$ cat structure-v4.cif   # mmCIF, C-alpha atoms
data_target
#
loop_
_atom_site.label_atom_id
_atom_site.label_comp_id
_atom_site.auth_asym_id
_atom_site.auth_seq_id
_atom_site.Cartn_x
_atom_site.Cartn_y
_atom_site.Cartn_z
CA MET A 1 -213.44 -115.74 50.41
CA SER A 2 -211.81 -116.63 47.09
CA ASN A 3 -209.90 -119.87 46.63
CA GLN A 4 -206.13 -120.02 46.85
CA ALA A 5 -204.65 -120.01 43.35
CA PHE A 6 -201.71 -121.89 41.84
CA LEU A 7 -200.10 -121.69 38.41
CA LEU A 8 -199.69 -124.66 36.10
CA ASP A 9 -196.54 -124.10 34.05
CA GLU A 10 -197.62 -126.64 31.43
CA GLY A 11 -201.28 -125.63 31.53
CA LEU A 12 -204.29 -127.92 31.56
CA PRO A 13 -204.67 -130.71 28.99
CA ALA A 14 -206.78 -129.61 26.02
CA THR A 15 -209.27 -132.36 26.87
CA ALA A 16 -209.58 -131.44 30.57
CA ALA A 17 -213.18 -131.53 31.82
CA PRO A 18 -215.10 -131.54 35.10
CA GLY A 19 -214.55 -134.80 36.93
CA ASP A 20 -210.99 -135.26 35.68
CA ALA A 21 -208.14 -135.68 38.13
CA VAL A 22 -205.21 -133.27 38.03
CA ASP A 23 -201.94 -133.33 39.94
CA LEU A 24 -199.99 -130.37 41.28
CA ASP A 25 -196.35 -131.16 41.99
CA GLY A 26 -192.92 -129.60 41.63
CA PRO A 27 -192.20 -126.24 43.32
CA GLU A 28 -195.84 -125.19 43.05
CA GLY A 29 -197.09 -128.39 44.65
CA HIS A 30 -194.53 -128.06 47.43
CA HIS A 31 -195.62 -124.46 48.01
CA ALA A 32 -199.30 -125.46 48.13
CA VAL A 33 -198.76 -128.21 50.71
CA THR A 34 -195.95 -126.90 52.91
CA VAL A 35 -196.51 -123.12 52.78
CA LYS A 36 -200.21 -122.67 52.06
CA ARG A 37 -201.14 -125.79 54.04
CA VAL A 38 -203.72 -126.94 51.50
CA ARG A 39 -205.56 -130.02 52.75
CA PRO A 40 -208.04 -132.58 51.32
CA GLY A 41 -211.55 -131.22 50.95
CA GLU A 42 -210.44 -127.65 50.19
CA GLN A 43 -211.22 -125.93 46.92
CA ILE A 44 -208.36 -124.39 44.96
CA ASP A 45 -207.99 -122.63 41.60
CA LEU A 46 -205.46 -123.95 39.10
CA LEU A 47 -204.48 -121.30 36.53
CA ASP A 48 -202.74 -121.71 33.19
CA GLY A 49 -201.85 -118.00 32.91
CA THR A 50 -203.69 -117.54 29.61
CA GLY A 51 -207.25 -117.08 30.88
CA THR A 52 -208.26 -120.61 31.93
CA ARG A 53 -209.15 -121.36 35.54
CA ALA A 54 -209.92 -124.84 36.83
CA VAL A 55 -211.82 -124.80 40.11
CA CYS A 56 -210.87 -128.02 41.87
CA THR A 57 -211.45 -129.95 45.08
CA VAL A 58 -208.36 -131.46 46.68
CA ARG A 59 -208.60 -135.21 47.22
CA GLN A 60 -205.13 -136.10 48.45
CA ALA A 61 -202.15 -134.14 49.73
CA GLY A 62 -198.66 -135.59 50.06
CA LYS A 63 -195.43 -134.10 51.33
CA ALA A 64 -194.78 -131.99 48.22
CA SER A 65 -197.72 -132.59 45.88
CA LEU A 66 -201.47 -132.90 45.78
CA SER A 67 -204.17 -134.47 43.68
CA ALA A 68 -207.47 -132.76 42.93
CA VAL A 69 -210.62 -133.24 40.89
CA ILE A 70 -211.87 -130.54 38.52
CA ASP A 71 -215.26 -129.14 39.56
CA ARG A 72 -215.59 -126.66 36.72
CA ILE A 73 -213.51 -124.84 34.13
CA GLU A 74 -213.81 -121.10 33.51
CA HIS A 75 -212.42 -119.11 30.59
CA GLU A 76 -211.77 -115.38 30.90
CA GLU A 77 -211.81 -113.32 27.72
CA GLN A 78 -209.08 -110.76 27.07
CA PRO A 79 -210.08 -107.17 27.94
CA PRO A 80 -210.96 -105.05 24.89
CA VAL A 81 -208.03 -102.68 25.57
CA GLN A 82 -204.48 -103.80 26.35
CA LEU A 83 -202.64 -101.87 29.04
CA VAL A 84 -198.84 -102.00 29.13
CA LEU A 85 -196.59 -100.64 31.88
CA VAL A 86 -193.27 -99.38 30.51
CA GLN A 87 -191.34 -99.20 33.76
CA ALA A 88 -187.86 -97.68 34.00
CA LEU A 89 -185.37 -99.60 36.09
CA ALA A 90 -185.17 -98.02 39.55
CA LYS A 91 -183.10 -98.51 42.67
CA GLY A 92 -184.31 -99.87 45.99
CA ASP A 93 -186.57 -102.40 44.24
CA ARG A 94 -189.03 -99.60 43.52
CA ASP A 95 -189.40 -100.96 40.01
CA LEU A 96 -190.37 -104.36 41.42
CA GLN A 97 -192.86 -102.72 43.75
CA ALA A 98 -194.43 -101.03 40.74
CA VAL A 99 -194.57 -104.29 38.82
CA GLU A 100 -196.16 -106.16 41.72
CA ALA A 101 -198.89 -103.56 42.24
CA ALA A 102 -199.53 -103.21 38.49
CA VAL A 103 -200.14 -106.95 38.16
CA GLU A 104 -202.58 -106.91 41.06
CA LEU A 105 -204.35 -103.94 39.45
CA GLY A 106 -204.80 -105.63 36.07
CA VAL A 107 -201.89 -104.69 33.77
CA ASP A 108 -201.66 -106.85 30.62
CA ALA A 109 -197.94 -106.64 29.84
CA ILE A 110 -194.76 -105.16 31.29
CA GLN A 111 -191.85 -103.60 29.46
CA PRO A 112 -188.61 -103.01 31.42
CA TRP A 113 -186.93 -99.80 30.28
CA GLN A 114 -183.26 -98.87 30.66
CA SER A 115 -183.78 -95.11 30.88
CA ASP A 116 -180.81 -92.76 30.59
CA ARG A 117 -181.19 -91.71 34.23
CA SER A 118 -181.74 -95.19 35.65
CA VAL A 119 -179.23 -95.82 38.42
CA VAL A 120 -179.83 -99.56 38.13
CA ARG A 121 -178.29 -101.00 34.97
CA TRP A 122 -178.95 -104.29 33.20
CA PRO A 123 -175.88 -104.97 31.07
CA ALA A 124 -176.21 -107.82 28.58
CA ALA A 125 -174.72 -110.32 31.03
CA LYS A 126 -177.35 -109.49 33.67
CA ALA A 127 -180.38 -108.75 31.50
CA GLU A 128 -181.90 -112.23 31.66
CA LYS A 129 -181.31 -112.47 35.40
CA GLY A 130 -183.04 -109.13 35.93
CA ARG A 131 -185.93 -110.13 33.72
CA ALA A 132 -186.28 -113.44 35.58
CA LYS A 133 -186.57 -111.52 38.86
CA TRP A 134 -189.37 -109.41 37.39
CA GLU A 135 -191.10 -112.55 36.08
CA ALA A 136 -190.94 -114.13 39.53
CA THR A 137 -192.57 -111.01 40.96
CA VAL A 138 -195.29 -111.19 38.30
CA ARG A 139 -195.91 -114.86 39.06
CA SER A 140 -196.29 -114.20 42.78
CA ALA A 141 -198.63 -111.25 42.18
CA VAL A 142 -200.80 -113.29 39.79
CA LYS A 143 -201.40 -115.88 42.49
CA GLN A 144 -201.90 -113.25 45.18
CA SER A 145 -204.55 -111.48 43.12
CA ARG A 146 -206.13 -114.75 41.88
CA ARG A 147 -206.10 -113.47 38.28
CA SER A 148 -206.21 -116.01 35.46
CA ARG A 149 -203.88 -114.21 33.02
CA ARG A 150 -200.16 -113.80 33.65
CA PRO A 151 -198.71 -110.61 32.10
CA GLU A 152 -195.68 -111.08 29.89
CA VAL A 153 -192.41 -109.39 30.83
CA ALA A 154 -190.63 -108.30 27.65
CA PRO A 155 -186.83 -108.05 27.26
CA VAL A 156 -185.39 -104.75 28.51
CA VAL A 157 -185.13 -101.91 25.97
CA SER A 158 -183.14 -98.70 25.80
CA THR A 159 -184.74 -95.33 25.06
CA ALA A 160 -183.58 -95.59 21.44
CA GLN A 161 -185.14 -99.04 21.09
CA LEU A 162 -188.34 -97.89 22.74
CA ALA A 163 -188.61 -94.90 20.41
CA ALA A 164 -188.02 -97.16 17.40
CA ARG A 165 -190.83 -99.47 18.49
CA LEU A 166 -193.23 -96.59 19.03
CA GLY A 167 -192.50 -95.36 15.53
CA LEU A 168 -193.31 -98.68 13.89
CA THR A 169 -196.60 -99.03 12.03
CA GLY A 170 -197.97 -101.90 9.99
CA ALA A 171 -201.01 -103.78 8.81
CA GLY A 172 -202.93 -105.56 11.54
CA LYS A 173 -201.82 -103.27 14.35
CA GLY A 174 -204.59 -101.72 16.35
CA PRO A 175 -204.55 -98.10 17.50
CA GLU A 176 -201.88 -97.39 20.08
CA LEU A 177 -201.35 -94.66 22.65
CA ALA A 178 -198.03 -94.16 24.43
CA VAL A 179 -198.16 -91.75 27.35
CA ILE A 180 -195.12 -90.38 29.16
CA LEU A 181 -196.01 -89.55 32.75
CA HIS A 182 -194.23 -86.24 33.21
CA GLU A 183 -194.60 -83.57 35.87
CA GLY A 184 -194.00 -80.86 33.28
CA ALA A 185 -196.95 -81.91 31.12
CA THR A 186 -200.06 -79.75 31.00
CA GLU A 187 -202.76 -82.23 30.02
CA PRO A 188 -204.07 -84.70 32.61
CA LEU A 189 -203.73 -88.41 31.93
CA SER A 190 -207.48 -88.94 32.10
CA ALA A 191 -208.05 -86.45 29.25
CA VAL A 192 -205.34 -88.02 27.07
CA VAL A 193 -206.76 -91.51 27.52
CA ARG A 194 -210.32 -90.30 26.99
CA ASP A 195 -209.39 -88.65 23.69
CA PHE A 196 -207.69 -91.86 22.57
CA MET A 197 -210.71 -93.97 23.44
CA ASP A 198 -213.05 -91.57 21.63
CA GLU A 199 -210.85 -91.69 18.52
CA SER A 200 -210.53 -95.48 18.66
CA GLY A 201 -214.27 -96.04 18.79
CA THR A 202 -215.75 -99.45 19.56
CA PRO A 203 -212.97 -102.06 19.39
CA ASP A 204 -213.28 -104.48 16.46
CA PRO A 205 -213.21 -108.02 17.92
CA THR A 206 -211.57 -109.31 14.73
CA ALA A 207 -208.71 -106.79 14.79
CA ALA A 208 -205.78 -106.19 17.13
CA ARG A 209 -206.81 -104.65 20.44
CA PRO A 210 -206.10 -100.98 21.11
CA ARG A 211 -203.03 -100.59 23.32
CA ILE A 212 -202.21 -97.99 25.94
CA LEU A 213 -198.57 -97.80 27.04
CA LEU A 214 -197.84 -95.97 30.28
CA LEU A 215 -194.21 -94.80 30.44
CA VAL A 216 -192.79 -94.29 33.93
CA GLY A 217 -189.30 -92.88 34.46
CA PRO A 218 -186.76 -93.72 37.18
CA GLU A 219 -186.30 -91.97 40.51
CA GLY A 220 -184.32 -89.17 38.83
CA GLY A 221 -187.01 -88.48 36.27
CA ILE A 222 -186.91 -88.70 32.48
CA ALA A 223 -184.29 -86.59 30.70
CA ASP A 224 -185.60 -83.84 28.43
CA SER A 225 -183.75 -85.39 25.50
CA GLU A 226 -185.56 -88.68 26.11
CA VAL A 227 -188.93 -86.97 26.27
CA SER A 228 -188.23 -85.20 22.98
CA ARG A 229 -187.13 -88.41 21.30
CA LEU A 230 -190.17 -90.34 22.46
CA VAL A 231 -192.58 -87.55 21.53
CA GLU A 232 -191.04 -87.42 18.06
CA ALA A 233 -191.75 -91.15 17.82
CA GLY A 234 -195.43 -90.55 18.60
CA ALA A 235 -195.72 -90.55 22.37
CA LYS A 236 -197.70 -87.95 24.31
CA THR A 237 -197.02 -86.45 27.70
CA ALA A 238 -199.50 -86.30 30.55
CA VAL A 239 -199.51 -85.26 34.18
CA LEU A 240 -200.81 -87.50 36.95
CA GLY A 241 -202.23 -85.18 39.57
CA ARG A 242 -200.57 -82.27 41.35
CA HIS A 243 -198.13 -84.34 43.40
CA VAL A 244 -194.90 -85.97 42.24
CA LEU A 245 -195.10 -89.73 42.76
CA ARG A 246 -192.30 -92.20 43.32
CA ALA A 247 -191.23 -94.63 40.61
CA SER A 248 -192.97 -97.33 42.63
CA THR A 249 -196.38 -95.64 42.72
CA ALA A 250 -196.72 -93.64 39.50
CA GLY A 251 -197.32 -96.65 37.25
CA PRO A 252 -199.96 -98.35 39.41
CA ALA A 253 -201.77 -95.02 39.94
CA ALA A 254 -201.75 -94.32 36.21
CA LEU A 255 -203.00 -97.82 35.51
CA VAL A 256 -206.07 -97.30 37.68
CA VAL A 257 -206.85 -94.01 35.92
CA ALA A 258 -206.41 -95.55 32.46
CA ARG A 259 -208.53 -98.60 33.29
CA GLN A 260 -211.31 -96.43 34.65
CA VAL A 261 -211.38 -94.10 31.63
CA ALA A 262 -211.19 -97.07 29.25
CA GLY A 263 -214.25 -98.61 30.92
CA LEU A 264 -212.40 -101.58 32.40
CA LEU A 265 -213.33 -100.93 36.03
CA ASP A 266 -216.70 -101.24 37.69
CA LEU A 267 -216.44 -98.36 40.16
#

$ encode --input "structure-v4.cif" --output "structure tokens"
Amino acid sequence: MSNQAFLLDEGLPATAAPGDAVDLDGPEGHHAVTVKRVRPGEQIDLLDGTGTRAVCTVRQAGKASLSAVIDRIEHEEQPPVQLVLVQALAKGDRDLQAVEAAVELGVDAIQPWQSDRSVVRWPAAKAEKGRAKWEATVRSAVKQSRRSRRPEVAPVVSTAQLAARLGLTGAGKGPELAVILHEGATEPLSAVVRDFMDESGTPDPTAARPRILLLVGPEGGIADSEVSRLVEAGAKTAVLGRHVLRASTAGPAALVVARQVAGLLDL
């Protein structure tokens, strides 16, 4: 059974090494002691969210904090391909369900999208509050899945802003594929991703990583005008199986397909 994992907001000291003592306090320390019931002698993982994992043995546990000793430090390299979920805001917390599952399944970044048909709206006054709720979901899912990297949640964008970003090119950018999951598409997602990977070739470790953006609409679907605008900006459309999936399941399902085709899963 894997160790329980906890996030260090300030990360580990640059000089941290096996044998060093480390304290876990604040909300995370309180959660470890009072909710997870961590006790002396147990092993836990302390994560910095950027790929570093300190495997530690707990020495002391107080009312809302604990002290542990580092047994070993592990560093996880970034995957050769970056996968981004562009999730439209959806009602009934279906967008949050998608975010939670995507984190557990290995997504690298999350882009909230204010689609034209989104019932849920994030006006300027509520945008940061909405983003904070998504970030809290990401944080919880990172610990649940014991992963060492915490995906970033970007500020919400409109369709116009998303199209503008897709149309940007510049030196240092790696190859990028943006795929709109659309029931009216004719080409399967697996084929679109496979063609992209074949064209990209072996990733250059010194250059920016190839990126695959998976665009998922709200419960009412993506408007035809939005599809046209995004395709004009360089996106492609793809179908994900014969069944129409909910906003909460389409992204995670697409992520598994893309990771498999990109060679990021050992299945």

$ atom_distance --input "structure-v4.cif" --atom1 "atom CA of A:Val192" --atom2 "atom CA of A:Glu76"
28.4 Å

$ closest_residue --input "structure-v4.cif" --among "A:Ala258, A:Ala164, A:Ala191, A:Ala64" --to "A:Val35" --atoms "only C-alpha atoms"
A:Ala64

$ resolve_selection --input "structure-v4.cif" --expression "the PyMOL selection byres ((chain A and resi 237) around 12)" --output "PyMOL selection string"
chain A and resi 177-193+213-216+222+224+226-232+234-236+238-240

$ write_last_selection --input "structure-v4.cif" --atoms "C-alpha atoms" --output "mmCIF file, keeping the file's coordinate frame"
data_model
loop_
_atom_site.group_PDB
_atom_site.id
_atom_site.type_symbol
_atom_site.label_atom_id
_atom_site.label_comp_id
_atom_site.auth_asym_id
_atom_site.auth_seq_id
_atom_site.Cartn_x
_atom_site.Cartn_y
_atom_site.Cartn_z
ATOM 1 C CA LEU A 177 -201.350 -94.660 22.650
ATOM 2 C CA ALA A 178 -198.030 -94.160 24.430
ATOM 3 C CA VAL A 179 -198.160 -91.750 27.350
ATOM 4 C CA ILE A 180 -195.120 -90.380 29.160
ATOM 5 C CA LEU A 181 -196.010 -89.550 32.750
ATOM 6 C CA HIS A 182 -194.230 -86.240 33.210
ATOM 7 C CA GLU A 183 -194.600 -83.570 35.870
ATOM 8 C CA GLY A 184 -194.000 -80.860 33.280
ATOM 9 C CA ALA A 185 -196.950 -81.910 31.120
ATOM 10 C CA THR A 186 -200.060 -79.750 31.000
ATOM 11 C CA GLU A 187 -202.760 -82.230 30.020
ATOM 12 C CA PRO A 188 -204.070 -84.700 32.610
ATOM 13 C CA LEU A 189 -203.730 -88.410 31.930
ATOM 14 C CA SER A 190 -207.480 -88.940 32.100
ATOM 15 C CA ALA A 191 -208.050 -86.450 29.250
ATOM 16 C CA VAL A 192 -205.340 -88.020 27.070
ATOM 17 C CA VAL A 193 -206.760 -91.510 27.520
ATOM 18 C CA LEU A 213 -198.570 -97.800 27.040
ATOM 19 C CA LEU A 214 -197.840 -95.970 30.280
ATOM 20 C CA LEU A 215 -194.210 -94.800 30.440
ATOM 21 C CA VAL A 216 -192.790 -94.290 33.930
ATOM 22 C CA ILE A 222 -186.910 -88.700 32.480
ATOM 23 C CA ASP A 224 -185.600 -83.840 28.430
ATOM 24 C CA GLU A 226 -185.560 -88.680 26.110
ATOM 25 C CA VAL A 227 -188.930 -86.970 26.270
ATOM 26 C CA SER A 228 -188.230 -85.200 22.980
ATOM 27 C CA ARG A 229 -187.130 -88.410 21.300
ATOM 28 C CA LEU A 230 -190.170 -90.340 22.460
ATOM 29 C CA VAL A 231 -192.580 -87.550 21.530
ATOM 30 C CA GLU A 232 -191.040 -87.420 18.060
ATOM 31 C CA GLY A 234 -195.430 -90.550 18.600
ATOM 32 C CA ALA A 235 -195.720 -90.550 22.370
ATOM 33 C CA LYS A 236 -197.700 -87.950 24.310
ATOM 34 C CA ALA A 238 -199.500 -86.300 30.550
ATOM 35 C CA VAL A 239 -199.510 -85.260 34.180
ATOM 36 C CA LEU A 240 -200.810 -87.500 36.950
#

$ atom_distance --input "structure-v4.cif" --atom1 "atom CA of A:Leu8" --atom2 "atom CA of A:Thr52"
10.4 Å

$ residues_around --input "structure-v4.cif" --residues "A:Gly251" --least-positions-apart "6" --cutoff "10 Å" --atoms "all atoms listed in the file" --output "MDAnalysis selection string"
chainID A and resid 84:87 95 97:99 101:102 107 181 214:217 240 245 257

$ closest_residue --input "structure-v4.cif" --among "A:Lys91, A:Pro27, A:Gly263, A:Val103" --to "A:Lys143" --atoms "only C-alpha atoms"
A:Val103

$ residues_around --input "structure-v4.cif" --residues "A:Ala124" --least-positions-apart "3" --cutoff "12 Å" --atoms "all atoms listed in the file" --output "PyMOL selection string"
chain A and resi 114+121+127-131+155-158

$ resolve_selection --input "structure-v4.cif" --expression "the PyMOL selection byres ((chain A and resi 106) around 12)" --output "ChimeraX atom specification"
/A:78-79,81-85,99-105,107-110,138,141-142,145-151,251-260,264-265

$ closest_residue --input "structure-v4.cif" --among "A:Gln43, A:Gln144, A:Ser65, A:Thr57" --to "A:Gly26" --atoms "only C-alpha atoms"
A:Ser65

$ atom_distance --input "structure-v4.cif" --atom1 "atom CA of A:Gly51" --atom2 "atom CA of A:Glu74"
8.1 Å

$ closest_residue --input "structure-v4.cif" --among "A:Gly11, A:Gly92, A:Pro80, A:Pro40" --to "A:Ser67" --atoms "only C-alpha atoms"
A:Pro40

$ closest_residue --input "structure-v4.cif" --among "A:Cys56, A:Asp48, A:Leu96, A:Gly221" --to "A:Ala14" --atoms "all atoms listed in the file"
A:Asp48

$ resolve_selection --input "structure-v4.cif" --expression "the PyMOL selection byres ((chain A and resi 9) around 10)" --output "MDAnalysis selection string"
chainID A and resid 6:8 10:12 28 47:49

$ residues_near_point --input "structure-v4.cif" --point "(-207.0, -131.5, 46.1)" --cutoff "9 Å" --atoms "all atoms listed in the file" --output "list of chain:residue names"
A:Val22, A:Asp23, A:Leu24, A:Val38, A:Arg39, A:Pro40, A:Gly41, A:Glu42, A:Gln43, A:Ile44, A:Cys56, A:Thr57, A:Val58, A:Arg59, A:Gln60, A:Ala61, A:Leu66, A:Ser67, A:Ala68, A:Val69

$ closest_residue --input "structure-v4.cif" --among "A:Ala154, A:Leu162, A:Val55, A:Ala208" --to "A:Ser115" --atoms "all atoms listed in the file"
A:Leu162

$ decode --input "structure-v4.cif" --residues "stretch 57-130 of chain A" --atoms "C-alpha atoms" --output "PDB file, in the first residue's frame"
ATOM      1  CA  THR A  57       9.165   8.442   8.878  1.00  0.00           C
ATOM      2  CA  VAL A  58       7.077  10.262  11.461  1.00  0.00           C
ATOM      3  CA  ARG A  59       8.844  10.759  14.786  1.00  0.00           C
ATOM      4  CA  GLN A  60       6.393  12.923  16.710  1.00  0.00           C
ATOM      5  CA  ALA A  61       2.771  13.920  16.268  1.00  0.00           C
ATOM      6  CA  GLY A  62       1.134  16.780  18.145  1.00  0.00           C
ATOM      7  CA  LYS A  63      -2.411  18.108  18.121  1.00  0.00           C
ATOM      8  CA  ALA A  64      -2.087  19.865  14.752  1.00  0.00           C
ATOM      9  CA  SER A  65       1.431  19.154  13.499  1.00  0.00           C
ATOM     10  CA  LEU A  66       4.001  16.437  13.146  1.00  0.00           C
ATOM     11  CA  SER A  67       7.744  16.028  12.852  1.00  0.00           C
ATOM     12  CA  ALA A  68       9.363  13.493  10.550  1.00  0.00           C
ATOM     13  CA  VAL A  69      12.785  12.411   9.330  1.00  0.00           C
ATOM     14  CA  ILE A  70      13.563  12.138   5.622  1.00  0.00           C
ATOM     15  CA  ASP A  71      14.365   8.556   4.564  1.00  0.00           C
ATOM     16  CA  ARG A  72      14.958   9.316   0.899  1.00  0.00           C
ATOM     17  CA  ILE A  73      14.220  11.946  -1.722  1.00  0.00           C
ATOM     18  CA  GLU A  74      12.851  11.081  -5.165  1.00  0.00           C
ATOM     19  CA  HIS A  75      12.655  13.331  -8.221  1.00  0.00           C
ATOM     20  CA  GLU A  76      10.143  12.646 -10.988  1.00  0.00           C
ATOM     21  CA  GLU A  77      10.962  13.941 -14.460  1.00  0.00           C
ATOM     22  CA  GLN A  78       8.307  15.722 -16.504  1.00  0.00           C
ATOM     23  CA  PRO A  79       6.577  13.495 -19.085  1.00  0.00           C
ATOM     24  CA  PRO A  80       7.818  14.052 -22.658  1.00  0.00           C
ATOM     25  CA  VAL A  81       4.365  15.260 -23.775  1.00  0.00           C
ATOM     26  CA  GLN A  82       2.253  17.805 -21.905  1.00  0.00           C
ATOM     27  CA  LEU A  83      -1.471  17.120 -21.696  1.00  0.00           C
ATOM     28  CA  VAL A  84      -3.846  19.997 -20.981  1.00  0.00           C
ATOM     29  CA  LEU A  85      -7.559  19.739 -20.218  1.00  0.00           C
ATOM     30  CA  VAL A  86      -9.494  22.753 -21.519  1.00  0.00           C
ATOM     31  CA  GLN A  87     -12.704  22.259 -19.562  1.00  0.00           C
ATOM     32  CA  ALA A  88     -15.800  24.372 -20.153  1.00  0.00           C
ATOM     33  CA  LEU A  89     -17.600  25.552 -17.046  1.00  0.00           C
ATOM     34  CA  ALA A  90     -20.556  23.252 -16.370  1.00  0.00           C
ATOM     35  CA  LYS A  91     -23.430  23.132 -13.920  1.00  0.00           C
ATOM     36  CA  GLY A  92     -23.899  20.624 -11.124  1.00  0.00           C
ATOM     37  CA  ASP A  93     -20.155  20.596 -10.380  1.00  0.00           C
ATOM     38  CA  ARG A  94     -19.636  18.385 -13.426  1.00  0.00           C
ATOM     39  CA  ASP A  95     -16.651  20.532 -14.336  1.00  0.00           C
ATOM     40  CA  LEU A  96     -15.119  19.871 -10.921  1.00  0.00           C
ATOM     41  CA  GLN A  97     -15.755  16.158 -11.316  1.00  0.00           C
ATOM     42  CA  ALA A  98     -13.883  16.281 -14.615  1.00  0.00           C
ATOM     43  CA  VAL A  99     -10.994  18.178 -13.052  1.00  0.00           C
ATOM     44  CA  GLU A 100     -10.726  15.754 -10.137  1.00  0.00           C
ATOM     45  CA  ALA A 101     -10.651  12.674 -12.367  1.00  0.00           C
ATOM     46  CA  ALA A 102      -8.246  14.294 -14.843  1.00  0.00           C
ATOM     47  CA  VAL A 103      -5.743  15.020 -12.073  1.00  0.00           C
ATOM     48  CA  GLU A 104      -5.917  11.440 -10.842  1.00  0.00           C
ATOM     49  CA  LEU A 105      -5.395  10.246 -14.426  1.00  0.00           C
ATOM     50  CA  GLY A 106      -2.276  12.340 -15.012  1.00  0.00           C
ATOM     51  CA  VAL A 107      -3.249  15.661 -16.632  1.00  0.00           C
ATOM     52  CA  ASP A 108      -0.442  18.258 -16.608  1.00  0.00           C
ATOM     53  CA  ALA A 109      -2.428  21.507 -16.666  1.00  0.00           C
ATOM     54  CA  ILE A 110      -6.036  22.683 -16.588  1.00  0.00           C
ATOM     55  CA  GLN A 111      -7.602  25.576 -18.461  1.00  0.00           C
ATOM     56  CA  PRO A 112     -11.084  26.739 -17.368  1.00  0.00           C
ATOM     57  CA  TRP A 113     -13.127  27.832 -20.377  1.00  0.00           C
ATOM     58  CA  GLN A 114     -16.138  30.168 -20.384  1.00  0.00           C
ATOM     59  CA  SER A 115     -17.870  28.638 -23.398  1.00  0.00           C
ATOM     60  CA  ASP A 116     -20.778  30.447 -25.036  1.00  0.00           C
ATOM     61  CA  ARG A 117     -23.203  27.747 -23.904  1.00  0.00           C
ATOM     62  CA  SER A 118     -21.894  27.413 -20.357  1.00  0.00           C
ATOM     63  CA  VAL A 119     -24.766  27.869 -17.916  1.00  0.00           C
ATOM     64  CA  VAL A 120     -22.292  28.573 -15.124  1.00  0.00           C
ATOM     65  CA  ARG A 121     -20.677  31.998 -15.492  1.00  0.00           C
ATOM     66  CA  TRP A 122     -17.539  33.405 -13.904  1.00  0.00           C
ATOM     67  CA  PRO A 123     -17.876  37.187 -14.086  1.00  0.00           C
ATOM     68  CA  ALA A 124     -14.749  39.163 -13.211  1.00  0.00           C
ATOM     69  CA  ALA A 125     -15.824  39.525  -9.580  1.00  0.00           C
ATOM     70  CA  LYS A 126     -16.140  35.735  -9.163  1.00  0.00           C
ATOM     71  CA  ALA A 127     -13.348  34.503 -11.434  1.00  0.00           C
ATOM     72  CA  GLU A 128     -10.693  34.175  -8.728  1.00  0.00           C
ATOM     73  CA  LYS A 129     -13.126  32.497  -6.348  1.00  0.00           C
ATOM     74  CA  GLY A 130     -14.065  29.977  -9.029  1.00  0.00           C
TER      75      GLY A 130
END
